[in-house]
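Working notes for the structure below.
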Amino acid sequence: MWRRLATPAGVLAAVAGAFAYVGTVDPNQPGHYPVCPLYALTGLYCPGCGGLRSAHAFVHGDLLGALHDNAAGVAAYLAFAVLWTLWAVRAARGLPVRLVLGRTPLWVLGSVLLVFTVVRNLPFGGSIRP
């Protein structure tokens, strides 16, 4: 069983390490992380803008701050937690692990991210800007 859990454990260790680093090195302080290229060139926020600040707030238990900095990021953290748990349970039981998404869920996800990106760049979308 331990052999089957090696890959999920390795992925979890890498993600936990990344969150630990972002939790330790504050992205709100200039000079530690690069600026988003899209924001630097156009002044527009991409779907990932504020993701590091969101992760930093999430690590420190500030869920409202994390949601304000990047709500899509928080949704992704929670989706990762659910998918990783399902993966680990299935791997522990020796069951095959497959994530098969059809076209519809991918189009819905893409559309939600597109709407999120457009709204956060409009004047009335200030509450979801980083």
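Each chain in the structure tokens gets a letter, A, B and so on, in the order shown; residues start at 1 in every chain, and ligands are counted from 1 in the order they appear.
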Please provide the set of residues having any atom within 6 Å of stretch 19-31 of chain A, restricted to only C-alpha atoms, with same-chain residues fewer than 5 positions apart removed, written as a PDB file with C-alpha atoms, in the first residue's frame.
```pdb
ATOM      1  CA  ARG A  53      -1.291  37.006  -2.078  1.00  0.00           C
ATOM      2  CA  HIS A  56      -0.311  33.741   1.593  1.00  0.00           C
ATOM      3  CA  VAL A  59      -1.896  29.843   4.740  1.00  0.00           C
TER       4      VAL A  59
END
```
Could you pull the residues within 10 Å of A:Gly50, counting only C-alpha atoms, minus those fewer than 5 positions along the same chain, as a PyMOL selection string? chain A and resi 27-28+36+45+55-56+66-73+128-130
Can I get the selection written as a CSV table (one decimal), in the first residue's frame, with all heavy atoms?
```csv
chain,number,residue,atom,x,y,z
A,27,PRO,N,4.3,37.9,-0.3
A,27,PRO,CA,4.2,38.5,-1.7
A,27,PRO,C,3.7,39.9,-1.6
A,27,PRO,O,3.8,40.6,-2.6
A,27,PRO,CB,3.2,37.6,-2.4
A,27,PRO,CG,2.4,36.9,-1.4
A,27,PRO,CD,3.3,36.8,-0.1
A,28,ASN,N,3.3,40.4,-0.5
A,28,ASN,CA,2.9,41.8,-0.3
A,28,ASN,C,4.1,42.7,-0.2
A,28,ASN,O,4.0,43.9,-0.4
A,28,ASN,CB,2.0,42.0,0.9
A,28,ASN,CG,0.7,41.3,0.7
A,28,ASN,OD1,-0.1,41.5,-0.3
A,28,ASN,ND2,0.4,40.4,1.6
A,36,CYS,N,3.1,40.0,-12.7
A,36,CYS,CA,2.4,39.4,-13.7
A,36,CYS,C,2.7,40.1,-15.1
A,36,CYS,O,2.6,41.3,-15.2
A,36,CYS,CB,0.9,39.4,-13.5
A,36,CYS,SG,-0.1,38.8,-14.8
A,45,TYR,N,-5.9,42.6,-15.1
A,45,TYR,CA,-5.7,41.5,-14.2
A,45,TYR,C,-6.0,40.2,-14.9
A,45,TYR,O,-7.1,40.1,-15.5
A,45,TYR,CB,-6.5,41.6,-13.0
A,45,TYR,CG,-6.2,42.8,-12.1
A,45,TYR,CD1,-7.0,43.9,-12.1
A,45,TYR,CD2,-5.0,42.9,-11.4
A,45,TYR,CE1,-6.7,45.0,-11.3
A,45,TYR,CE2,-4.7,43.9,-10.6
A,45,TYR,CZ,-5.5,45.0,-10.6
A,45,TYR,OH,-5.2,46.1,-9.8
A,55,ALA,N,-2.8,32.9,-1.7
A,55,ALA,CA,-2.2,31.7,-1.0
A,55,ALA,C,-1.6,32.1,0.3
A,55,ALA,O,-1.7,31.4,1.3
A,55,ALA,CB,-1.1,31.1,-1.9
A,56,HIS,N,-0.9,33.3,0.3
A,56,HIS,CA,-0.3,33.7,1.6
A,56,HIS,C,-1.4,34.0,2.7
A,56,HIS,O,-1.2,33.5,3.8
A,56,HIS,CB,0.5,35.0,1.3
A,56,HIS,CG,1.1,35.6,2.5
A,56,HIS,ND1,2.3,35.1,3.0
A,56,HIS,CD2,0.8,36.6,3.4
A,56,HIS,CE1,2.7,35.8,4.1
A,56,HIS,NE2,1.8,36.7,4.3
A,66,ALA,N,-8.0,35.9,1.4
A,66,ALA,CA,-7.7,35.1,0.3
A,66,ALA,C,-8.7,35.1,-0.8
A,66,ALA,O,-8.4,35.2,-2.0
A,66,ALA,CB,-7.6,33.6,0.8
A,67,LEU,N,-10.0,35.2,-0.4
A,67,LEU,CA,-11.1,35.3,-1.4
A,67,LEU,C,-11.0,36.6,-2.1
A,67,LEU,O,-11.3,36.7,-3.3
A,67,LEU,CB,-12.4,35.1,-0.7
A,67,LEU,CG,-12.8,33.7,-0.3
A,67,LEU,CD1,-14.0,33.7,0.6
A,67,LEU,CD2,-13.1,32.9,-1.6
A,68,HIS,N,-10.7,37.7,-1.4
A,68,HIS,CA,-10.6,39.0,-2.0
A,68,HIS,C,-9.5,39.1,-3.0
A,68,HIS,O,-9.6,39.6,-4.1
A,68,HIS,CB,-10.4,40.1,-0.9
A,68,HIS,CG,-10.2,41.5,-1.5
A,68,HIS,ND1,-9.0,42.0,-1.8
A,68,HIS,CD2,-11.1,42.4,-2.0
A,68,HIS,CE1,-9.1,43.2,-2.3
A,68,HIS,NE2,-10.4,43.4,-2.4
A,69,ASP,N,-8.3,38.5,-2.6
A,69,ASP,CA,-7.2,38.5,-3.5
A,69,ASP,C,-7.3,37.7,-4.8
A,69,ASP,O,-6.9,38.1,-5.9
A,69,ASP,CB,-5.9,38.1,-2.8
A,69,ASP,CG,-5.4,39.2,-1.8
A,69,ASP,OD1,-5.7,40.4,-2.0
A,69,ASP,OD2,-4.8,38.8,-0.8
A,70,ASN,N,-8.0,36.5,-4.7
A,70,ASN,CA,-8.2,35.7,-5.8
A,70,ASN,C,-9.2,34.6,-5.5
A,70,ASN,O,-8.8,33.5,-5.0
A,70,ASN,CB,-6.9,35.1,-6.4
A,70,ASN,CG,-7.1,34.5,-7.8
A,70,ASN,OD1,-8.2,34.0,-8.1
A,70,ASN,ND2,-6.1,34.7,-8.6
A,71,ALA,N,-10.5,34.9,-5.7
A,71,ALA,CA,-11.5,33.9,-5.4
A,71,ALA,C,-11.4,32.6,-6.2
A,71,ALA,O,-11.6,31.5,-5.7
A,71,ALA,CB,-12.9,34.5,-5.6
A,72,ALA,N,-10.9,32.7,-7.4
A,72,ALA,CA,-10.7,31.6,-8.3
A,72,ALA,C,-9.6,30.7,-7.7
A,72,ALA,O,-9.7,29.5,-7.8
A,72,ALA,CB,-10.4,32.0,-9.7
A,73,GLY,N,-8.6,31.3,-7.2
A,73,GLY,CA,-7.5,30.6,-6.5
A,73,GLY,C,-8.0,29.8,-5.4
A,73,GLY,O,-7.6,28.6,-5.2
A,128,ILE,N,-13.5,42.1,-6.5
A,128,ILE,CA,-12.7,40.9,-6.7
A,128,ILE,C,-11.3,41.1,-7.4
A,128,ILE,O,-10.7,40.2,-7.9
A,128,ILE,CB,-13.5,39.9,-7.6
A,128,ILE,CG1,-13.9,40.5,-8.9
A,128,ILE,CG2,-14.7,39.4,-6.8
A,128,ILE,CD1,-14.6,39.5,-9.9
A,129,ARG,N,-10.9,42.4,-7.3
A,129,ARG,CA,-9.5,42.7,-7.8
A,129,ARG,C,-8.5,42.4,-6.7
A,129,ARG,O,-8.8,42.6,-5.5
A,129,ARG,CB,-9.5,44.2,-8.1
A,129,ARG,CG,-10.0,44.5,-9.4
A,129,ARG,CD,-9.7,45.9,-9.9
A,129,ARG,NE,-10.7,46.3,-10.9
A,129,ARG,CZ,-11.4,47.3,-10.8
A,129,ARG,NH1,-11.3,48.2,-9.8
A,129,ARG,NH2,-12.3,47.6,-11.7
A,130,PRO,N,-7.3,42.0,-7.0
A,130,PRO,CA,-6.3,41.8,-6.0
A,130,PRO,C,-5.9,43.1,-5.4
A,130,PRO,O,-6.0,44.1,-5.9
A,130,PRO,CB,-5.2,41.1,-6.7
A,130,PRO,CG,-5.4,41.3,-8.2
A,130,PRO,CD,-6.9,41.7,-8.4
```
Any chance you could list, as an MDAnalysis selection string, the residues in chain A that come up alpha helix (DSSP H) when DSSP is run on the backbone? chainID A and resid 6:24 37:42 51:59 63:69 71:92 103:120
What is the atom CA of A:Val74 to atom CA of A:Ser54 distance in Å? 7.3 Å
Find the distance between atom CA of A:Asn121 and atom CA of A:Gly61 and write it in Å to one decimal.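 Those two atoms sit 26.7 Å apart.
As for atom CA of A:Pro37 and atom CA of A:Ala18, they are spaced 20.9 Å apart.
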Which polymer residues have any atom within 12 Å of an atom of stretch 12-17 of chain A, counting only C-alpha atoms, with same-chain residues fewer than 6 positions away left out, as JSON, numbers by chain? {"A": [5, 6, 23, 24, 55, 59, 77, 80, 81, 83, 84, 85, 87, 88]}
Requested write-out: N, CA and C atoms of the selected residues, as a PDB file, in the first residue's frame:
```pdb
ATOM      1  N   LEU A   5       0.900   4.787  -2.483  1.00  0.00           N
ATOM      2  CA  LEU A   5       0.689   6.145  -1.989  1.00  0.00           C
ATOM      3  C   LEU A   5       1.901   7.054  -2.201  1.00  0.00           C
ATOM      4  N   ALA A   6       2.965   6.523  -2.773  1.00  0.00           N
ATOM      5  CA  ALA A   6       4.187   7.318  -2.948  1.00  0.00           C
ATOM      6  C   ALA A   6       3.956   8.538  -3.839  1.00  0.00           C
ATOM      7  N   GLY A  23       3.794  31.120   2.242  1.00  0.00           N
ATOM      8  CA  GLY A  23       3.375  31.548   3.565  1.00  0.00           C
ATOM      9  C   GLY A  23       4.484  32.237   4.337  1.00  0.00           C
ATOM     10  N   THR A  24       5.721  31.866   4.044  1.00  0.00           N
ATOM     11  CA  THR A  24       6.877  32.447   4.732  1.00  0.00           C
ATOM     12  C   THR A  24       7.357  33.727   4.057  1.00  0.00           C
ATOM     13  N   ALA A  55      -2.784  32.878  -1.689  1.00  0.00           N
ATOM     14  CA  ALA A  55      -2.193  31.710  -1.038  1.00  0.00           C
ATOM     15  C   ALA A  55      -1.571  32.102   0.306  1.00  0.00           C
ATOM     16  N   VAL A  59      -2.806  30.532   3.820  1.00  0.00           N
ATOM     17  CA  VAL A  59      -1.896  29.843   4.740  1.00  0.00           C
ATOM     18  C   VAL A  59      -1.994  30.430   6.143  1.00  0.00           C
ATOM     19  N   TYR A  77      -7.726  25.808  -4.722  1.00  0.00           N
ATOM     20  CA  TYR A  77      -7.126  25.130  -3.564  1.00  0.00           C
ATOM     21  C   TYR A  77      -8.078  24.061  -3.036  1.00  0.00           C
ATOM     22  N   PHE A  80      -8.347  21.153  -5.445  1.00  0.00           N
ATOM     23  CA  PHE A  80      -7.157  20.304  -5.323  1.00  0.00           C
ATOM     24  C   PHE A  80      -7.280  19.391  -4.110  1.00  0.00           C
ATOM     25  N   ALA A  81      -7.721  19.935  -2.983  1.00  0.00           N
ATOM     26  CA  ALA A  81      -7.852  19.135  -1.761  1.00  0.00           C
ATOM     27  C   ALA A  81      -8.820  17.970  -1.969  1.00  0.00           C
ATOM     28  N   LEU A  83      -9.808  16.597  -4.939  1.00  0.00           N
ATOM     29  CA  LEU A  83      -9.282  15.661  -5.942  1.00  0.00           C
ATOM     30  C   LEU A  83      -8.115  14.857  -5.391  1.00  0.00           C
ATOM     31  N   TRP A  84      -7.241  15.493  -4.615  1.00  0.00           N
ATOM     32  CA  TRP A  84      -6.111  14.769  -4.031  1.00  0.00           C
ATOM     33  C   TRP A  84      -6.608  13.694  -3.066  1.00  0.00           C
ATOM     34  N   THR A  85      -7.609  14.025  -2.265  1.00  0.00           N
ATOM     35  CA  THR A  85      -8.152  13.048  -1.313  1.00  0.00           C
ATOM     36  C   THR A  85      -8.736  11.842  -2.050  1.00  0.00           C
ATOM     37  N   TRP A  87      -7.915  10.820  -4.999  1.00  0.00           N
ATOM     38  CA  TRP A  87      -6.767  10.128  -5.596  1.00  0.00           C
ATOM     39  C   TRP A  87      -6.087   9.241  -4.560  1.00  0.00           C
ATOM     40  N   ALA A  88      -5.812   9.780  -3.384  1.00  0.00           N
ATOM     41  CA  ALA A  88      -5.114   9.030  -2.346  1.00  0.00           C
ATOM     42  C   ALA A  88      -5.948   7.835  -1.868  1.00  0.00           C
TER      43      ALA A  88
END
```
Determine the nearest neighbour of A:Leu44 from the options A:Phe124, A:Pro8, A:Arg3, A:Val119, counting only C-alpha atoms.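 Closest to A:Leu44, using only C-alpha atoms: A:Val119.
Minimum atom-to-atom distance to A:Gly48, evaluated using only C-alpha atoms, belongs to A:Leu114 out of A:Met1, A:Val108, A:Leu114, A:Leu99.
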Minimum-distance residue to A:Leu113, chosen among A:Leu52, A:Leu64, A:Gly126, A:Pro47 (using only C-alpha atoms):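 Closest to A:Leu113 of all the choices is A:Pro47.
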